[in-house]
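Enquirer: So here's final.cif, just mmCIF, C-alpha atoms:
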```cif
data_my_file
loop_
_atom_site.label_atom_id
_atom_site.label_comp_id
_atom_site.auth_asym_id
_atom_site.auth_seq_id
_atom_site.Cartn_x
_atom_site.Cartn_y
_atom_site.Cartn_z
CA MET I 1 0.00 0.00 0.00
CA ASN I 2 1.57 3.33 -1.03
CA ARG I 3 1.73 6.47 1.10
CA ALA I 4 -1.07 8.30 -0.76
CA THR I 5 -3.50 5.43 -0.22
CA PHE I 6 -2.51 5.21 3.45
CA ASN I 7 -3.11 8.94 3.98
CA THR I 8 -6.51 8.71 2.27
CA LEU I 9 -7.59 5.88 4.53
CA LYS I 10 -6.26 7.75 7.52
CA ARG I 11 -8.36 10.82 6.66
CA LYS I 12 -11.43 8.62 6.43
CA GLY I 13 -10.80 7.30 9.90
CA SER I 14 -9.35 3.93 9.01
CA THR I 15 -7.70 2.12 11.88
CA PRO I 16 -4.56 -0.01 11.64
CA ARG I 17 -6.81 -3.03 12.06
CA THR I 18 -8.81 -2.01 8.97
CA ASP I 19 -5.59 -1.61 6.99
CA SER I 20 -4.45 -5.04 8.12
CA MET I 21 -7.76 -6.52 7.00
CA CYS I 22 -7.24 -4.99 3.52
CA LEU I 23 -3.78 -6.49 3.28
CA LEU I 24 -5.09 -9.90 4.35
CA LEU I 25 -7.84 -9.77 1.73
CA ILE I 26 -5.35 -8.85 -1.01
CA GLY I 27 -3.04 -11.67 0.08
CA ALA I 28 -5.90 -14.16 0.06
CA ALA I 29 -6.87 -13.10 -3.45
CA MET I 30 -3.30 -13.61 -4.65
CA LEU I 31 -3.16 -17.07 -3.09
CA THR I 32 -6.32 -18.12 -4.90
CA VAL I 33 -4.80 -17.14 -8.27
CA VAL I 34 -1.49 -18.99 -7.95
CA PRO I 35 -2.85 -22.56 -7.54
CA ALA I 36 -5.21 -22.04 -10.49
CA THR I 37 -2.31 -21.06 -12.73
CA ALA I 38 -0.24 -23.99 -11.54
CA GLN I 39 -3.16 -26.31 -12.11
CA THR I 40 -3.57 -25.04 -15.67
CA GLY I 41 0.12 -25.71 -16.41
CA ALA I 42 -0.11 -29.17 -14.87
CA GLY I 43 -3.20 -29.92 -16.94
CA ALA I 44 -1.48 -28.89 -20.17
CA GLY I 45 1.53 -31.03 -19.29
CA ALA I 46 -0.68 -34.03 -18.60
CA ALA I 47 -2.50 -33.57 -21.92
CA LEU I 48 0.83 -33.42 -23.76
CA GLN I 49 2.10 -36.56 -22.04
CA GLU I 50 -1.14 -38.34 -22.91
CA ARG I 51 -0.93 -37.39 -26.59
CA VAL I 52 2.74 -38.34 -26.86
CA ALA I 53 2.11 -41.73 -25.22
CA ALA I 54 -0.74 -42.39 -27.66
CA VAL I 55 1.47 -41.52 -30.65
CA LYS I 56 4.26 -43.82 -29.46
CA GLN I 57 1.82 -46.68 -28.92
CA SER I 58 0.21 -46.14 -32.33
CA VAL I 59 3.58 -46.13 -34.10
CA ALA I 60 4.74 -49.31 -32.35
CA GLU I 61 1.52 -51.19 -33.11
CA ASN I 62 1.45 -50.15 -36.76
CA GLN I 63 5.07 -51.10 -37.35
CA GLN I 64 4.32 -54.62 -36.13
CA LYS I 65 1.30 -54.86 -38.44
CA LEU I 66 3.15 -53.49 -41.48
CA HIS I 67 5.75 -56.26 -41.18
CA GLN I 68 2.99 -58.63 -42.27
CA TYR I 69 2.45 -56.82 -45.58
CA LYS I 70 4.05 -56.34 -48.98
CA TRP I 71 3.21 -53.35 -51.15
CA THR I 72 4.13 -51.30 -54.22
CA GLU I 73 6.05 -48.04 -53.98
CA THR I 74 5.81 -45.56 -56.85
CA THR I 75 8.36 -42.74 -57.01
CA GLN I 76 7.99 -39.65 -59.19
CA LEU I 77 10.86 -37.17 -59.55
CA THR I 78 10.38 -33.61 -60.74
CA LEU I 79 13.64 -31.76 -61.40
CA LYS I 80 13.49 -28.03 -62.09
CA GLY I 81 9.81 -28.40 -62.99
CA ASP I 82 10.50 -31.26 -65.41
CA PRO I 83 8.78 -34.54 -64.38
CA LYS I 84 10.82 -37.70 -64.92
CA PRO I 85 9.39 -41.15 -65.73
CA PRO I 86 8.07 -42.78 -62.53
CA SER I 87 9.69 -45.89 -61.09
CA GLN I 88 8.16 -48.68 -59.03
CA SER I 89 9.50 -51.10 -56.44
CA ALA I 90 8.03 -54.11 -54.68
CA CYS I 91 8.51 -53.56 -50.93
CA GLN I 92 8.44 -55.64 -47.78
CA TYR I 93 10.21 -55.73 -44.44
CA GLY I 94 13.25 -57.98 -44.23
CA PRO I 95 14.52 -60.03 -41.27
CA ASP I 96 16.64 -57.05 -40.17
CA GLY I 97 13.52 -54.90 -39.78
CA LYS I 98 14.39 -52.68 -42.76
CA VAL I 99 12.32 -52.26 -45.91
CA GLN I 100 13.61 -54.30 -48.84
CA LYS I 101 12.88 -52.85 -52.29
CA THR I 102 12.97 -54.77 -55.56
CA PRO I 103 12.75 -52.67 -58.76
CA MET I 104 9.77 -53.45 -60.97
CA GLY I 105 9.50 -53.05 -64.75
CA ALA I 106 12.18 -52.80 -67.42
CA PRO I 107 15.38 -50.86 -66.67
CA PRO I 108 15.68 -47.41 -68.26
CA PRO I 109 17.32 -47.34 -71.71
CA PRO I 110 20.99 -46.30 -71.93
CA PRO I 111 21.67 -42.64 -72.77
CA SER I 112 21.95 -41.78 -76.44
CA GLY I 113 24.63 -39.67 -78.15
CA GLY I 114 28.38 -39.82 -78.33
CA ARG I 115 30.76 -41.15 -75.71
CA MET I 116 31.37 -37.74 -74.13
CA LYS I 117 27.64 -36.97 -73.87
CA GLN I 118 26.95 -40.41 -72.40
CA LYS I 119 29.69 -39.83 -69.81
CA VAL I 120 28.23 -36.46 -68.81
CA ILE I 121 24.74 -37.95 -68.50
CA ALA I 122 26.09 -40.90 -66.50
CA ASN I 123 27.91 -38.54 -64.11
CA LYS I 124 24.77 -36.46 -63.57
CA LYS I 125 22.74 -39.60 -62.91
CA GLU I 126 25.32 -40.81 -60.42
CA GLU I 127 25.32 -37.41 -58.69
CA MET I 128 21.53 -37.44 -58.48
CA LYS I 129 21.57 -41.03 -57.22
CA ASP I 130 23.94 -40.03 -54.41
CA TYR I 131 21.77 -37.03 -53.53
CA LEU I 132 18.63 -39.17 -53.48
CA GLY I 133 20.43 -41.58 -51.19
CA GLN I 134 21.06 -38.72 -48.74
CA VAL I 135 17.43 -37.63 -49.05
CA LYS I 136 16.16 -41.16 -48.29
CA THR I 137 18.45 -41.37 -45.28
CA LEU I 138 17.03 -38.07 -44.04
CA LEU I 139 13.48 -39.23 -44.70
CA ALA I 140 14.05 -42.35 -42.60
CA LEU I 141 14.80 -40.13 -39.58
CA TYR I 142 11.21 -38.88 -39.55
CA VAL I 143 9.00 -41.56 -41.16
CA PRO I 144 7.88 -43.49 -39.30
CA PRO I 145 8.39 -41.33 -36.18
CA ASP I 146 10.84 -42.97 -33.79
CA PRO I 147 9.45 -43.55 -30.26
CA GLN I 148 12.96 -43.19 -28.80
CA ARG I 149 13.54 -39.82 -30.46
CA ILE I 150 10.06 -38.74 -29.38
CA GLN I 151 10.88 -39.55 -25.76
CA GLN I 152 14.22 -37.75 -25.97
CA ALA I 153 12.45 -34.64 -27.27
CA VAL I 154 9.97 -34.81 -24.39
CA GLN I 155 12.73 -35.11 -21.81
CA ALA I 156 14.55 -32.15 -23.37
CA GLY I 157 11.40 -30.01 -23.23
CA LYS I 158 11.27 -29.70 -27.02
CA VAL I 159 7.63 -30.76 -27.47
CA SER I 160 4.46 -28.67 -27.42
CA LEU I 161 0.78 -28.93 -28.33
CA ASN I 162 -0.55 -26.69 -31.08
CA PRO I 163 -4.21 -25.81 -30.40
CA GLY I 164 -4.92 -25.25 -34.11
CA GLY I 165 -5.32 -28.91 -35.04
CA GLY I 166 -9.10 -28.84 -35.40
CA SER I 167 -11.78 -31.03 -33.88
CA GLY I 168 -10.54 -34.48 -32.90
CA VAL I 169 -6.98 -33.74 -34.11
CA ALA I 170 -4.03 -32.86 -31.88
CA GLN I 171 -0.98 -31.22 -33.43
CA ILE I 172 2.21 -32.16 -31.59
CA VAL I 173 5.23 -30.03 -32.46
CA PHE I 174 8.79 -31.34 -31.99
CA LYS I 175 11.80 -29.01 -32.07
CA ASP I 176 15.34 -30.32 -32.69
CA TYR I 177 13.83 -33.77 -33.23
CA ALA I 178 16.53 -35.36 -35.43
CA LEU I 179 18.78 -32.40 -36.31
CA PRO I 180 19.46 -29.09 -34.52
CA GLY I 181 16.97 -26.50 -35.73
CA ASP I 182 14.56 -28.91 -37.43
CA GLN I 183 10.84 -29.14 -36.69
CA MET I 184 8.37 -32.00 -37.02
CA THR I 185 4.61 -31.62 -36.55
CA ILE I 186 2.48 -34.73 -36.07
CA SER I 187 -1.27 -34.38 -36.59
CA PHE I 188 -2.80 -37.12 -34.47
CA ASN I 189 -6.42 -38.28 -34.68
CA THR I 190 -7.30 -38.58 -31.01
CA GLU I 191 -10.48 -40.58 -31.67
CA ALA I 192 -9.03 -43.17 -34.05
CA LYS I 193 -5.66 -43.12 -32.22
CA LYS I 194 -3.81 -42.80 -35.52
CA ILE I 195 -1.40 -40.39 -37.16
CA ALA I 196 -3.17 -38.34 -39.84
CA SER I 197 -0.16 -36.48 -41.22
CA VAL I 198 3.45 -35.53 -40.58
CA ASN I 199 5.08 -32.28 -41.71
CA VAL I 200 8.81 -31.69 -41.42
CA ASN I 201 11.15 -28.74 -41.93
CA SER I 202 14.73 -30.02 -42.07
CA TYR I 203 17.95 -29.92 -44.12
CA LEU I 204 20.80 -32.06 -45.39
CA ASP I 205 24.45 -31.35 -44.52
CA ASP I 206 24.04 -27.57 -44.68
CA PRO I 207 21.09 -25.78 -43.01
CA LYS I 208 20.82 -23.77 -46.23
CA ASP I 209 20.01 -27.01 -48.08
CA VAL I 210 16.39 -26.86 -46.92
CA VAL I 211 14.20 -29.95 -47.22
CA THR I 212 10.49 -30.01 -46.43
CA LEU I 213 8.44 -33.14 -46.07
CA ALA I 214 4.66 -33.64 -46.12
CA VAL I 215 3.27 -37.11 -45.37
CA GLN I 216 -0.38 -38.15 -45.57
CA PHE I 217 -1.43 -41.35 -43.79
CA ALA I 218 -4.26 -43.75 -44.60
CA SER I 219 -5.64 -46.97 -43.12
CA LEU I 220 -5.96 -50.52 -44.43
CA PRO I 221 -9.15 -52.56 -43.87
CA ASP I 222 -7.69 -54.03 -40.66
CA SER I 223 -7.02 -50.45 -39.39
CA THR I 224 -3.28 -50.63 -40.01
CA ASN I 225 -1.97 -47.10 -40.53
CA TYR I 226 0.56 -46.40 -43.30
CA ALA I 227 2.23 -43.51 -45.13
CA GLN I 228 0.10 -43.28 -48.26
CA LYS I 229 1.76 -40.29 -49.92
CA THR I 230 5.00 -38.48 -49.23
CA VAL I 231 6.07 -35.25 -50.93
CA LEU I 232 9.67 -34.24 -50.34
CA ASP I 233 10.80 -30.84 -51.60
CA ALA I 234 14.55 -30.21 -51.78
CA THR I 235 14.49 -26.54 -52.68
CA ALA I 236 18.25 -26.12 -53.16
CA LYS I 237 18.26 -28.74 -55.92
CA LYS I 238 14.83 -27.73 -57.23
CA LEU I 239 13.87 -31.35 -56.76
CA VAL I 240 10.49 -32.73 -55.70
CA VAL I 241 10.16 -36.43 -54.88
CA THR I 242 6.62 -37.79 -54.61
CA THR I 243 6.31 -41.30 -53.19
CA THR I 244 3.03 -43.23 -53.16
CA ASN I 245 2.51 -46.55 -51.37
CA SER I 246 -0.32 -48.76 -52.63
CA ASP I 247 -1.55 -52.28 -53.35
CA TYR I 248 -0.95 -53.61 -49.85
CA LYS I 249 -1.26 -57.39 -49.57
CA ALA I 250 -0.71 -59.77 -46.70
CA MET I 251 2.50 -61.75 -46.91
CA GLY I 252 1.99 -65.12 -48.56
CA THR I 253 -0.78 -63.94 -50.91
CA GLN I 254 -0.48 -63.28 -54.63
#
```
Write out the structure in this file as structure tokens.

Expert:
Amino acid sequence: MNRATFNTLKRKGSTPRTDSMCLLLIGAAMLTVVPATAQTGAGAGAALQERVAAVKQSVAENQQKLHQYKWTETTQLTLKGDPKPPSQSACQYGPDGKVQKTPMGAPPPPPSGGRMKQKVIANKKEEMKDYLGQVKTLLALYVPPDPQRIQQAVQAGKVSLNPGGGSGVAQIVFKDYALPGDQMTISFNTEAKKIASVNVNSYLDDPKDVVTLAVQFASLPDSTNYAQKTVLDATAKKLVVTTTNSDYKAMGTQ
């Protein structure tokens, strides 16, 4: 209580007891605010923990189910706005837990032209092949999301809930998930307990070599969740890689 307020009360005939009562009332009001704020923070933390636990459980269950399937992967490259012929691979999980890919269809024809032109084309193809290998390695860091990395992000305080996910969808934002400065946002369907989409802002060796990733998920008849379409945009190379997974069949069927 400042001096002006004290003098005003004094002129009105306030006693020290009255002043003490005012101070007690103010203190009581402050005490009622603090627990409410703490409770709100605790509630938000509990909601985040609940969402993260549901995502980890969903990922683990779906990975087990996907090991029982084989499918077709179609890859479409667009370089500097020029779409290249799509390629397809037959995919399934191997004994080591990694996806095995077998190319489908006839191999591309050899480059035409003289020896020097063929060498230049071959070098460019080899360079692009190496770059795509780096891109696929980067992609594997985020899809499917790794429960261990998720937990590490939680422990480091790098996870938050975005309230803009819409009805029945929680958006969970991860900072520094796989690389320093990256960001991954998982849109999680809280009713179906499934990932709806994943969006990533990342990079390759140099942070200037920006790579964005947008993944849309879908469900099989037995409710298994899978990455239906992935669009990877490597802006530095002006390269867009669109991958579509389809024709899922249980192992042992034709």

Enquirer: Do you know which residues the PyMOL selection byres ((chain I and resi 54-62) around 9) returns on this file, as a list in words?

Expert: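 Residues picked by the PyMOL selection byres ((chain I and resi 54-62) around 9): Gln49, Glu50, Arg51, Val52, Ala53, Gln63, Gln64, Lys65, Leu66, His67, Pro144, Pro145, Asp146, Pro147, Gln148, Ile150, Gln151, Ile186, Phe188, Thr190, Lys193, Lys194, Ile195, Ser223, Thr224, Asn225 and Tyr226 of chain I.
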
Enquirer: I need the residues from that last selection saved to file as a compact mmCIF listing (two decimals), in the frame of the given file (with C-alpha atoms), if you can.

Expert:
```txt
# COMPACT_ATOMS: atom_id res chain seq x y z
CA GLN I 49 2.10 -36.56 -22.04
CA GLU I 50 -1.14 -38.34 -22.91
CA ARG I 51 -0.93 -37.39 -26.59
CA VAL I 52 2.74 -38.34 -26.86
CA ALA I 53 2.11 -41.73 -25.22
CA GLN I 63 5.07 -51.10 -37.35
CA GLN I 64 4.32 -54.62 -36.13
CA LYS I 65 1.30 -54.86 -38.44
CA LEU I 66 3.15 -53.49 -41.48
CA HIS I 67 5.75 -56.26 -41.18
CA PRO I 144 7.88 -43.49 -39.30
CA PRO I 145 8.39 -41.33 -36.18
CA ASP I 146 10.84 -42.97 -33.79
CA PRO I 147 9.45 -43.55 -30.26
CA GLN I 148 12.96 -43.19 -28.80
CA ILE I 150 10.06 -38.74 -29.38
CA GLN I 151 10.88 -39.55 -25.76
CA ILE I 186 2.48 -34.73 -36.07
CA PHE I 188 -2.80 -37.12 -34.47
CA THR I 190 -7.30 -38.58 -31.01
CA LYS I 193 -5.66 -43.12 -32.22
CA LYS I 194 -3.81 -42.80 -35.52
CA ILE I 195 -1.40 -40.39 -37.16
CA SER I 223 -7.02 -50.45 -39.39
CA THR I 224 -3.28 -50.63 -40.01
CA ASN I 225 -1.97 -47.10 -40.53
CA TYR I 226 0.56 -46.40 -43.30
```

Enquirer: Pick the closest to Ala234 of chain I from I:Ala140, I:Val173, I:Leu132, I:Met116: which is it, counting all atoms listed in the file?

Expert: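 Going through I:Ala140, I:Val173, I:Leu132, I:Met116 one by one, the smallest distance to Ala234 of chain I is for I:Leu132.
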
Enquirer: Contacts of segment 152-164 of chain I at 8 Å or less, counting only C-alpha atoms, minus same-chain residues fewer than 3 places along, as a list in words?

Expert: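 Close residues of segment 152-164 of chain I: Leu48, Gln148, Arg149, Ala170, Gln171, Ile172, Val173, Phe174, Lys175, Asp176 and Tyr177 of chain I.
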
Enquirer: So which residues touch Gln88 of chain I within 12 Å, counting all atoms listed in the file, skipping near sequence neighbours fewer than 2 positions away, as a list in words?

Expert: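 The contact residues come out as Trp71, Thr72, Glu73, Thr74, Thr75, Gln76, Leu77, Pro85, Pro86, Ala90, Cys91, Lys101, Thr102, Pro103, Met104, Gly105, Ala106, Pro107, Pro108, Thr242, Thr243, Thr244, Asn245, Ser246 and Asp247 of chain I.
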
Enquirer: Just to confirm, what's the straight-line distance from atom CA of Gly181 of chain I to atom CA of Ser202 of chain I in Å (one decimal)?

Expert: 7.6 Å
